[in-house]
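Participant: One file: protein30.txt (compact mmCIF, C-alpha atoms and all ligand atoms).
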```txt
# COMPACT_ATOMS: atom_id res chain seq x y z
CA MET A 1 14.35 -20.26 -10.16
CA ILE A 2 12.09 -18.21 -12.45
CA VAL A 3 10.46 -15.22 -10.80
CA GLY A 4 7.40 -13.24 -11.93
CA PHE A 5 5.79 -9.95 -10.91
CA LEU A 6 2.13 -9.01 -11.46
CA GLY A 7 1.04 -5.37 -11.00
CA LEU A 8 3.59 -2.73 -11.96
CA GLY A 9 1.92 0.39 -10.52
CA ARG A 10 3.24 3.14 -8.29
CA MET A 11 4.57 0.60 -5.78
CA GLY A 12 4.93 -2.52 -7.95
CA GLY A 13 6.95 -0.74 -10.67
CA PRO A 14 9.88 0.31 -8.48
CA MET A 15 9.71 -2.89 -6.40
CA ALA A 16 9.91 -5.00 -9.59
CA GLU A 17 12.86 -2.92 -10.74
CA ASN A 18 14.76 -3.59 -7.50
CA LEU A 19 13.87 -7.29 -7.72
CA LEU A 20 15.10 -7.47 -11.31
CA ALA A 21 18.43 -5.97 -10.24
CA HIS A 22 18.74 -8.87 -7.76
CA THR A 23 17.46 -11.80 -9.85
CA GLY A 24 18.82 -10.68 -13.23
CA ARG A 25 15.68 -12.09 -14.88
CA LEU A 26 12.06 -11.19 -14.20
CA LEU A 27 8.82 -12.01 -16.01
CA VAL A 28 6.22 -9.26 -15.63
CA HIS A 29 2.57 -8.52 -16.38
CA ASP A 30 0.10 -5.68 -15.83
CA VAL A 31 -3.20 -4.79 -17.52
CA SER A 32 -1.51 -1.50 -18.43
CA GLU A 33 0.70 -1.95 -21.50
CA GLU A 34 2.52 1.25 -20.55
CA ALA A 35 3.48 -0.19 -17.16
CA VAL A 36 4.78 -3.40 -18.80
CA ALA A 37 6.73 -1.42 -21.42
CA ALA A 38 8.46 0.61 -18.68
CA LEU A 39 9.76 -2.57 -17.02
CA VAL A 40 10.66 -4.26 -20.33
CA ALA A 41 12.74 -1.16 -21.15
CA LYS A 42 14.69 -1.93 -17.96
CA GLY A 43 15.36 -5.54 -18.94
CA ALA A 44 12.30 -7.50 -17.73
CA GLU A 45 10.40 -9.95 -19.98
CA ALA A 46 6.70 -9.44 -20.76
CA ALA A 47 4.66 -12.54 -19.85
CA CYS A 48 1.44 -11.50 -21.69
CA SER A 49 -0.96 -12.71 -18.98
CA ALA A 50 -1.28 -13.58 -15.31
CA ALA A 51 -1.84 -17.23 -16.31
CA ALA A 52 1.42 -17.20 -18.28
CA LEU A 53 3.25 -15.96 -15.20
CA GLY A 54 1.81 -18.82 -13.16
CA GLU A 55 2.69 -21.37 -15.82
CA ARG A 56 6.29 -20.24 -16.26
CA CYS A 57 7.37 -19.06 -12.81
CA ASP A 58 8.37 -20.78 -9.56
CA VAL A 59 7.60 -17.66 -7.55
CA VAL A 60 5.06 -14.93 -8.40
CA PHE A 61 4.86 -11.60 -6.59
CA THR A 62 1.66 -9.51 -6.82
CA SER A 63 1.17 -5.78 -6.12
CA LEU A 64 -2.45 -4.97 -6.96
CA PRO A 65 -4.99 -2.39 -5.76
CA THR A 66 -7.76 -4.26 -3.90
CA PRO A 67 -8.53 -7.70 -2.38
CA GLN A 68 -11.14 -8.34 -5.10
CA ILE A 69 -8.56 -7.73 -7.82
CA VAL A 70 -5.96 -9.91 -6.07
CA ARG A 71 -8.53 -12.75 -5.69
CA GLU A 72 -9.47 -12.61 -9.38
CA ALA A 73 -5.86 -12.22 -10.54
CA VAL A 74 -4.76 -15.28 -8.53
CA LEU A 75 -7.77 -17.64 -8.54
CA GLY A 76 -9.80 -16.35 -11.52
CA ALA A 77 -10.30 -18.04 -14.90
CA ASP A 78 -7.32 -16.15 -16.39
CA GLY A 79 -5.45 -15.84 -13.12
CA VAL A 80 -1.98 -16.86 -11.95
CA THR A 81 -3.15 -20.37 -11.00
CA ALA A 82 -5.40 -20.94 -14.06
CA GLU A 83 -2.94 -23.07 -16.08
CA ALA A 84 -0.35 -24.23 -13.55
CA ALA A 85 0.24 -22.99 -10.04
CA PRO A 86 3.64 -21.56 -9.09
CA ARG A 87 5.33 -23.00 -5.99
CA ILE A 88 5.10 -19.72 -4.08
CA ILE A 89 2.77 -16.72 -4.42
CA CYS A 90 3.77 -13.66 -2.42
CA ASP A 91 1.15 -10.90 -2.28
CA LEU A 92 2.73 -7.50 -1.62
CA SER A 93 -0.65 -5.70 -1.84
CA THR A 94 -2.64 -4.47 1.13
CA SER A 95 -5.43 -6.99 0.70
CA GLY A 96 -6.44 -7.87 4.28
CA PRO A 97 -6.12 -11.00 6.44
CA GLN A 98 -9.36 -12.57 5.18
CA LEU A 99 -8.14 -12.77 1.59
CA ALA A 100 -4.77 -14.14 2.75
CA ALA A 101 -6.62 -16.96 4.57
CA GLU A 102 -8.85 -17.57 1.53
CA LEU A 103 -5.86 -17.85 -0.85
CA ALA A 104 -3.97 -20.16 1.54
CA GLU A 105 -7.01 -22.44 1.81
CA ALA A 106 -7.79 -22.44 -1.93
CA LEU A 107 -4.19 -23.27 -2.86
CA ALA A 108 -3.35 -25.63 0.03
CA GLY A 109 -1.11 -28.50 -1.09
CA LYS A 110 -0.28 -26.73 -4.39
CA THR A 111 1.21 -23.34 -3.63
CA ALA A 112 2.69 -21.78 -0.52
CA CYS A 113 1.00 -18.40 0.01
CA LEU A 114 2.76 -15.51 1.68
CA ASP A 115 0.99 -12.27 2.51
CA ALA A 116 3.60 -9.50 2.48
CA PRO A 117 2.10 -5.99 2.49
CA VAL A 118 4.51 -3.09 2.52
CA SER A 119 4.88 0.35 4.08
CA GLY A 120 7.11 3.25 3.14
CA GLY A 121 5.46 4.82 0.10
CA ILE A 122 6.77 5.29 -3.40
CA ALA A 123 10.01 6.87 -2.17
CA GLY A 124 10.68 3.79 -0.01
CA ALA A 125 9.76 1.43 -2.86
CA LYS A 126 12.28 3.19 -5.12
CA ALA A 127 15.02 3.28 -2.49
CA GLY A 128 14.42 -0.36 -1.47
CA THR A 129 13.77 0.70 2.14
CA ILE A 130 10.09 -0.27 2.52
CA SER A 131 9.05 -2.32 5.51
CA ILE A 132 7.64 -5.72 4.40
CA MET A 133 5.37 -7.52 6.90
CA VAL A 134 5.10 -11.21 6.08
CA GLY A 135 2.68 -13.94 7.11
CA GLY A 136 2.66 -17.58 5.98
CA PRO A 137 4.89 -20.69 6.01
CA GLU A 138 8.37 -19.98 7.37
CA ALA A 139 10.06 -22.27 4.81
CA ALA A 140 8.58 -20.27 1.93
CA PHE A 141 9.55 -17.03 3.67
CA ASP A 142 13.16 -18.26 4.01
CA GLU A 143 13.19 -19.10 0.31
CA VAL A 144 12.03 -15.67 -0.87
CA ARG A 145 13.77 -13.67 1.87
CA PRO A 146 16.73 -12.62 -0.35
CA MET A 147 14.24 -11.35 -2.96
CA LEU A 148 12.26 -9.45 -0.33
CA GLU A 149 15.54 -8.00 0.97
CA ALA A 150 16.22 -6.69 -2.55
CA MET A 151 12.96 -4.71 -2.25
CA GLY A 152 13.02 -3.69 1.41
CA LYS A 153 13.22 -4.88 5.01
CA PRO A 154 11.12 -8.03 5.59
CA THR A 155 9.89 -9.23 8.99
CA HIS A 156 8.17 -12.60 9.38
CA MET A 157 5.17 -11.96 11.67
CA GLY A 158 4.08 -15.61 11.96
CA GLU A 159 2.91 -18.67 10.04
CA THR A 160 -0.81 -17.85 10.31
CA PRO A 161 -2.06 -16.68 6.91
CA GLY A 162 -2.79 -12.96 7.18
CA ALA A 163 -0.29 -12.23 9.99
CA GLY A 164 1.52 -9.73 7.73
CA GLN A 165 -1.79 -8.16 6.66
CA THR A 166 -2.86 -7.72 10.28
CA MET A 167 0.43 -5.95 11.08
CA LYS A 168 -0.05 -3.71 8.03
CA LEU A 169 -3.57 -2.74 9.13
CA VAL A 170 -2.21 -1.74 12.55
CA ASN A 171 0.44 0.42 10.88
CA ASN A 172 -2.16 1.96 8.57
CA LEU A 173 -4.38 2.95 11.47
CA LEU A 174 -1.49 4.89 13.02
CA GLY A 175 -0.48 6.45 9.67
CA ALA A 176 -4.03 7.47 8.73
CA VAL A 177 -4.85 8.88 12.18
CA ALA A 178 -1.59 10.87 12.03
CA ILE A 179 -2.80 12.52 8.82
CA GLY A 180 -6.26 13.25 10.23
CA VAL A 181 -5.02 14.71 13.50
CA THR A 182 -2.30 16.73 11.76
CA ALA A 183 -4.94 18.19 9.42
CA GLU A 184 -7.09 19.15 12.43
CA GLY A 185 -4.23 20.75 14.40
CA MET A 186 -2.95 22.63 11.35
CA ALA A 187 -6.43 23.95 10.44
CA PHE A 188 -6.90 25.25 14.00
CA GLY A 189 -3.48 26.96 14.03
CA ILE A 190 -3.97 28.53 10.59
CA LYS A 191 -7.44 29.82 11.58
CA GLN A 192 -5.82 31.45 14.62
CA GLY A 193 -3.27 33.18 12.36
CA LEU A 194 -0.20 30.94 12.68
CA ASP A 195 2.12 30.39 9.71
CA PRO A 196 1.75 26.77 8.43
CA ALA A 197 5.42 26.29 7.50
CA LYS A 198 6.56 27.52 10.92
CA MET A 199 4.01 25.25 12.60
CA ILE A 200 5.41 22.19 10.78
CA ASP A 201 8.98 23.17 11.72
CA VAL A 202 7.97 23.48 15.38
CA LEU A 203 5.95 20.24 15.40
CA ASN A 204 8.94 18.41 13.91
CA GLN A 205 11.06 19.46 16.89
CA SER A 206 8.29 18.91 19.44
CA THR A 207 6.25 16.01 20.79
CA GLY A 208 3.62 16.41 18.03
CA VAL A 209 6.05 15.02 15.40
CA ASN A 210 4.64 12.13 13.35
CA SER A 211 4.84 10.65 9.83
CA ALA A 212 2.43 13.30 8.49
CA THR A 213 4.30 16.31 9.92
CA ARG A 214 7.63 14.79 8.86
CA ASP A 215 6.85 13.70 5.27
CA LYS A 216 3.32 14.47 4.04
CA TRP A 217 2.95 18.14 4.97
CA PRO A 218 6.41 19.31 3.80
CA ARG A 219 6.19 17.38 0.52
CA SER A 220 2.53 17.67 -0.50
CA VAL A 221 0.36 19.85 1.76
CA LEU A 222 2.45 22.97 2.44
CA PRO A 223 3.23 23.35 -1.32
CA ARG A 224 -0.52 22.60 -1.98
CA THR A 225 0.37 19.93 -4.58
CA PHE A 226 -1.52 17.07 -2.84
CA ASP A 227 0.50 14.53 -4.81
CA PHE A 228 2.16 12.34 -2.17
CA GLY A 229 1.43 9.24 -4.26
CA PHE A 230 -1.11 7.25 -2.27
CA ALA A 231 -4.68 7.39 -3.51
CA ALA A 232 -7.39 8.38 -1.00
CA ALA A 233 -9.46 5.51 -2.47
CA LEU A 234 -6.76 2.98 -1.53
CA SER A 235 -6.34 4.51 1.91
CA LEU A 236 -10.12 4.25 2.43
CA LYS A 237 -10.00 0.62 1.27
CA ASP A 238 -7.26 -0.06 3.86
CA THR A 239 -9.17 1.67 6.65
CA LYS A 240 -12.38 -0.22 5.81
CA LEU A 241 -10.45 -3.52 5.81
CA LEU A 242 -9.16 -2.61 9.27
CA LEU A 243 -12.60 -1.63 10.58
CA SER A 244 -14.27 -4.82 9.35
CA GLU A 245 -11.51 -7.02 10.84
CA ALA A 246 -11.68 -5.07 14.12
CA GLU A 247 -15.47 -5.42 14.25
CA ALA A 248 -15.15 -9.18 13.76
CA ALA A 249 -12.55 -9.24 16.56
CA GLU A 250 -14.82 -7.06 18.77
CA VAL A 251 -12.20 -4.33 19.09
CA PRO A 252 -13.71 -0.81 18.95
CA LEU A 253 -11.62 1.61 16.83
CA PRO A 254 -13.42 4.98 16.90
CA LEU A 255 -10.35 6.89 15.65
CA GLY A 256 -10.26 4.61 12.58
CA GLN A 257 -13.93 5.37 11.88
CA ILE A 258 -13.27 9.13 11.97
CA VAL A 259 -10.42 8.78 9.45
CA ALA A 260 -12.60 6.61 7.18
CA ASP A 261 -15.22 9.40 7.21
CA TYR A 262 -12.58 12.02 6.34
CA LEU A 263 -11.34 9.85 3.45
CA GLN A 264 -14.88 9.34 2.15
CA ARG A 265 -15.44 13.12 2.20
CA THR A 266 -12.07 13.64 0.47
CA LEU A 267 -13.21 11.42 -2.42
CA GLU A 268 -16.56 13.21 -2.61
CA ARG A 269 -14.86 16.64 -2.68
CA GLU A 270 -11.82 15.90 -4.84
CA GLY A 271 -12.91 13.00 -7.05
CA ALA A 272 -11.86 9.37 -7.42
CA ASP A 273 -8.19 10.12 -8.16
CA ALA A 274 -7.60 12.28 -5.07
CA ASP A 275 -4.40 11.76 -3.11
CA PHE A 276 -4.91 10.95 0.58
CA THR A 277 -3.11 14.15 1.64
CA ALA A 278 -6.18 16.04 0.30
CA ILE A 279 -7.82 15.14 3.65
CA ALA A 280 -6.30 18.48 4.71
CA LYS A 281 -8.68 20.31 2.35
CA VAL A 282 -11.77 18.68 3.87
CA VAL A 283 -10.65 19.61 7.38
CA GLU A 284 -9.73 23.16 6.32
CA GLU A 285 -13.13 23.64 4.68
CA ALA A 286 -14.92 22.49 7.83
CA ALA A 287 -12.81 25.06 9.74
CA GLY A 288 -14.03 27.86 7.46
CA LEU A 289 -10.70 28.20 5.64
CA ASP A 290 -10.44 28.32 1.84
CA PRO A 291 -8.84 24.97 0.82
CA ASP A 292 -8.36 26.15 -2.76
CA ARG A 293 -6.41 29.24 -1.74
P1 LIG W 1 -1.49 1.48 -8.42
O1 LIG W 1 -2.93 1.68 -8.75
O2 LIG W 1 -0.50 2.56 -8.72
O3 LIG W 1 -0.93 0.12 -9.11
C1 LIG W 1 -1.69 -1.02 -9.31
C2 LIG W 1 -1.28 -1.66 -10.62
O4 LIG W 1 -2.02 -2.86 -10.79
C3 LIG W 1 -1.56 -0.78 -11.85
O5 LIG W 1 -0.41 -0.71 -12.66
C4 LIG W 1 -2.71 -1.51 -12.55
O6 LIG W 1 -2.68 -1.35 -13.97
C5 LIG W 1 -2.41 -2.94 -12.16
N1 LIG W 1 -3.59 -3.83 -12.22
C6 LIG W 1 -4.86 -3.59 -11.82
N2 LIG W 1 -5.62 -4.68 -12.02
C7 LIG W 1 -4.81 -5.62 -12.56
C8 LIG W 1 -5.02 -6.97 -12.99
N3 LIG W 1 -6.20 -7.55 -12.88
N4 LIG W 1 -3.96 -7.64 -13.50
C9 LIG W 1 -2.75 -7.05 -13.63
N5 LIG W 1 -2.49 -5.78 -13.24
C10 LIG W 1 -3.51 -5.08 -12.70
O7 LIG W 1 -1.47 1.12 -6.85
P2 LIG W 1 -0.22 1.22 -5.86
O8 LIG W 1 -0.26 2.56 -5.18
O9 LIG W 1 1.02 0.73 -6.54
O10 LIG W 1 -0.70 0.17 -4.74
C11 LIG W 1 -0.56 -1.24 -4.93
C12 LIG W 1 -0.83 -1.90 -3.58
O11 LIG W 1 0.15 -1.44 -2.63
C13 LIG W 1 -2.20 -1.57 -2.99
O12 LIG W 1 -2.72 -2.71 -2.36
C14 LIG W 1 -1.91 -0.46 -2.00
O13 LIG W 1 -2.86 -0.42 -0.95
C15 LIG W 1 -0.52 -0.88 -1.50
N6 LIG W 1 0.32 0.22 -1.00
C16 LIG W 1 0.45 1.40 -1.68
C17 LIG W 1 1.29 2.40 -1.16
C18 LIG W 1 1.48 3.73 -1.87
O14 LIG W 1 2.09 4.65 -1.26
N7 LIG W 1 1.06 3.91 -3.11
C19 LIG W 1 1.99 2.17 0.03
C20 LIG W 1 1.86 0.95 0.67
C21 LIG W 1 1.03 -0.03 0.15
```
Let me see the file written as structure tokens.
Facilitator:
Amino acid sequence: MIVGFLGLGRMGGPMAENLLAHTGRLLVHDVSEEAVAALVAKGAEAACSAAALGERCDVVFTSLPTPQIVREAVLGADGVTAEAAPRIICDLSTSGPQLAAELAEALAGKTACLDAPVSGGIAGAKAGTISIMVGGPEAAFDEVRPMLEAMGKPTHMGETPGAGQTMKLVNNLLGAVAIGVTAEGMAFGIKQGLDPAKMIDVLNQSTGVNSATRDKWPRSVLPRTFDFGFAAALSLKDTKLLLSEAEAAEVPLPLGQIVADYLQRTLEREGADADFTAIAKVVEEAAGLDPDR
């Protein structure tokens, strides 16, 4: 079975590397020549285009920024299915349930589509410990399961296209709200004169502990590096995907809306490349603290 990987970014790069260690052979492509060269240096083969991946591979994994990019990279004129469709396409991006349904419908009878977004950040992608939430045909899932296990811990959420994406959006809501509420609590404590490092230590042994107090603050906010590795723009994309799906399902998510607003303000303050941990700066500024201290 020939396996391909499209999109070798912060998540895709390390995931492809773990997959290559399992399969022994991997065809890769990315619009960034640098990203391709890094994988080729580790033993992968450059495929030159998305269409070439589709033509030559039985299974193609994708890890791309947005639903629009995934749609174009799979269905577009130069996309994975332009020349010949692979048997299985497994999208590891956070691209939302609607796109998963669209791909499944467009490729019905040709290609089995799995949506398989991941959680666990760059560290988890490197360590092969990311959670992988999969939707789509169970037979296709069973076929790629050993490959997914080489990259992380897969769970099949159901055969409905988008079941994995829906699970991922739920997880993202909790992760994003944890960052927002941690930023608010920390800003209040700092304004009242508490020491931020001591606050994080105490939260991590108290009921306030969460993924932001455990990982994001110690690694990227307390040292003021704001470099956790997940772009605020991508986090905003995820939160907007969640809000539009929730609106369609008539489920009010006011906490999600607040986090989307914080992320929007983070991009306005810090620029398009801001890391999502820079939310802390927006909240600090609103509290009258100096975020650039
Ligand atoms: P990234 O921007 O680092 O990587 C994306 C890669 O796709 C880049 O190498 C880029 O050159 C490539 N690319 C863009 N358009 C392309 C195209 N048309 N054809 C081929 N390659 C193309 O993004 P990332 O942080 O690795 O995120 C990838 C996906 O994983 C996103 O959907 C994101 O929401 C999700 N995700 C990211 C994290 C994280 O911590 N970074 C965690 C979980 C999920």
Participant: Taking a cut-off of 7 Å and counting only C-alpha atoms and all ligand atoms, can you build a table that, for each residue of chain A near ligand LIG 1 (chain W), reports the nearest atom pair and how far apart they are in Å (one decimal), sorted by chain then residue number, as JSON lines?
Facilitator:
```
{"residue": "A:Leu6", "atom": "CA", "partner": "W:LIG1", "partner_atom": "C9", "distance": 5.7}
{"residue": "A:Gly7", "atom": "CA", "partner": "W:LIG1", "partner_atom": "O4", "distance": 4.0}
{"residue": "A:Leu8", "atom": "CA", "partner": "W:LIG1", "partner_atom": "O5", "distance": 4.5}
{"residue": "A:Gly9", "atom": "CA", "partner": "W:LIG1", "partner_atom": "O3", "distance": 3.2}
{"residue": "A:Arg10", "atom": "CA", "partner": "W:LIG1", "partner_atom": "O9", "distance": 3.7}
{"residue": "A:Met11", "atom": "CA", "partner": "W:LIG1", "partner_atom": "O9", "distance": 3.6}
{"residue": "A:Gly12", "atom": "CA", "partner": "W:LIG1", "partner_atom": "O9", "distance": 5.3}
{"residue": "A:His29", "atom": "CA", "partner": "W:LIG1", "partner_atom": "C9", "distance": 6.2}
{"residue": "A:Asp30", "atom": "CA", "partner": "W:LIG1", "partner_atom": "N5", "distance": 3.7}
{"residue": "A:Val31", "atom": "CA", "partner": "W:LIG1", "partner_atom": "N5", "distance": 4.5}
{"residue": "A:Ser32", "atom": "CA", "partner": "W:LIG1", "partner_atom": "O6", "distance": 4.6}
{"residue": "A:Ala35", "atom": "CA", "partner": "W:LIG1", "partner_atom": "O5", "distance": 6.0}
{"residue": "A:Ala50", "atom": "CA", "partner": "W:LIG1", "partner_atom": "N4", "distance": 6.8}
{"residue": "A:Ser63", "atom": "CA", "partner": "W:LIG1", "partner_atom": "C11", "distance": 5.0}
{"residue": "A:Leu64", "atom": "CA", "partner": "W:LIG1", "partner_atom": "O4", "distance": 4.4}
{"residue": "A:Pro65", "atom": "CA", "partner": "W:LIG1", "partner_atom": "C13", "distance": 4.0}
{"residue": "A:Thr66", "atom": "CA", "partner": "W:LIG1", "partner_atom": "O12", "distance": 5.5}
{"residue": "A:Ile69", "atom": "CA", "partner": "W:LIG1", "partner_atom": "N3", "distance": 5.6}
{"residue": "A:Glu72", "atom": "CA", "partner": "W:LIG1", "partner_atom": "N3", "distance": 7.0}
{"residue": "A:Ala73", "atom": "CA", "partner": "W:LIG1", "partner_atom": "N3", "distance": 5.2}
{"residue": "A:Leu92", "atom": "CA", "partner": "W:LIG1", "partner_atom": "O11", "distance": 6.7}
{"residue": "A:Ser93", "atom": "CA", "partner": "W:LIG1", "partner_atom": "O12", "distance": 3.7}
{"residue": "A:Thr94", "atom": "CA", "partner": "W:LIG1", "partner_atom": "O12", "distance": 3.9}
{"residue": "A:Ser95", "atom": "CA", "partner": "W:LIG1", "partner_atom": "O12", "distance": 5.9}
{"residue": "A:Pro117", "atom": "CA", "partner": "W:LIG1", "partner_atom": "C21", "distance": 6.5}
{"residue": "A:Val118", "atom": "CA", "partner": "W:LIG1", "partner_atom": "C20", "distance": 5.2}
{"residue": "A:Ser119", "atom": "CA", "partner": "W:LIG1", "partner_atom": "C20", "distance": 4.6}
{"residue": "A:Gly120", "atom": "CA", "partner": "W:LIG1", "partner_atom": "C19", "distance": 6.1}
{"residue": "A:Gly121", "atom": "CA", "partner": "W:LIG1", "partner_atom": "O14", "distance": 3.6}
{"residue": "A:Ile122", "atom": "CA", "partner": "W:LIG1", "partner_atom": "O14", "distance": 5.2}
{"residue": "A:Gly229", "atom": "CA", "partner": "W:LIG1", "partner_atom": "N7", "distance": 5.5}
{"residue": "A:Phe230", "atom": "CA", "partner": "W:LIG1", "partner_atom": "N7", "distance": 4.1}
{"residue": "A:Ala231", "atom": "CA", "partner": "W:LIG1", "partner_atom": "N7", "distance": 6.7}
{"residue": "A:Leu234", "atom": "CA", "partner": "W:LIG1", "partner_atom": "O13", "distance": 5.2}
{"residue": "A:Ser235", "atom": "CA", "partner": "W:LIG1", "partner_atom": "O13", "distance": 6.7}
{"residue": "A:Asp238", "atom": "CA", "partner": "W:LIG1", "partner_atom": "O13", "distance": 6.5}
```
Participant: Around (-10.8, 27.8, 10.9) in the file's own coordinates, what residues are found within 7 Å if you use only C-alpha atoms, given back as a VMD selection string?
Facilitator: chain A and resid 187 to 188 190 to 191 284 287 to 289
Participant: Contacts of Met1 of chain A at 10 Å or less, counting all atoms listed in the file, minus same-chain residues fewer than 2 places along, as a list in words?
Facilitator: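 Residues meeting the cut-off are Val3, Thr23, Arg25, Cys57, Asp58 and Val59 of chain A.
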Participant: Quick one: everything within 10 Å of Glu55 of chain A, counting all atoms listed in the file, minus sequence neighbours fewer than 4 positions away in the same chain. Send it as a list in words.
Facilitator: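 Near Glu55 of chain A, the qualifying residues are Ala47, Ser49, Ala50, Ala51, Val80, Thr81, Ala82, Glu83, Ala84, Ala85 and Pro86 of chain A.
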Participant: Residues near segment 155-171 of chain A, anyone? I mean within 6 Å using only C-alpha atoms, not counting same-chain ones fewer than 2 positions away, as number ranges by chain.
Facilitator: A: 96-97, 100-101, 115-116, 133-137, 173-174, 242
Participant: May I ask for the distance between atom CA of Asp215 of chain A and atom CA of Phe228 of chain A, given in Å to one decimal place?
Facilitator: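 Separation of atom CA of Asp215 of chain A and atom CA of Phe228 of chain A: 8.9 Å.
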Participant: For Arg293 of chain A, work out the shell of residues within 12 Å, counting all atoms listed in the file and skipping chain neighbours fewer than 3 positions away, then give it as JSON, numbers by chain.
Facilitator: {"A": [222, 223, 224, 225, 281, 284, 285, 289, 290]}
Participant: Expressed in Å to a single decimal, how great is the separation between atom CA of Ala233 of chain A and atom CA of Val282 of chain A?
Facilitator: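 These two atoms are separated by 14.8 Å.
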Participant: As an exercise, work out the distance from atom CA of Trp217 of chain A to atom CA of Pro196 of chain A in Å and give it to one decimal place.
Facilitator: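 Atom CA of Pro196 of chain A lies 9.4 Å from atom CA of Trp217 of chain A.
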Participant: Would you kindly return, as a count of residues only, each protein, DNA or RNA residue with an atom no farther than 7 Å from any atom of segment 260-274 of chain A, considering only C-alpha atoms and excluding same-chain residues fewer than 2 positions away?
Facilitator: 13
Participant: Taking only C-alpha atoms into account, which of A:Val283, A:Cys113, A:Val177, A:Ala212 comes nearest Leu253 of chain A?
Facilitator: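 The shortest atom-to-atom distance to Leu253 of chain A comes from A:Val177.
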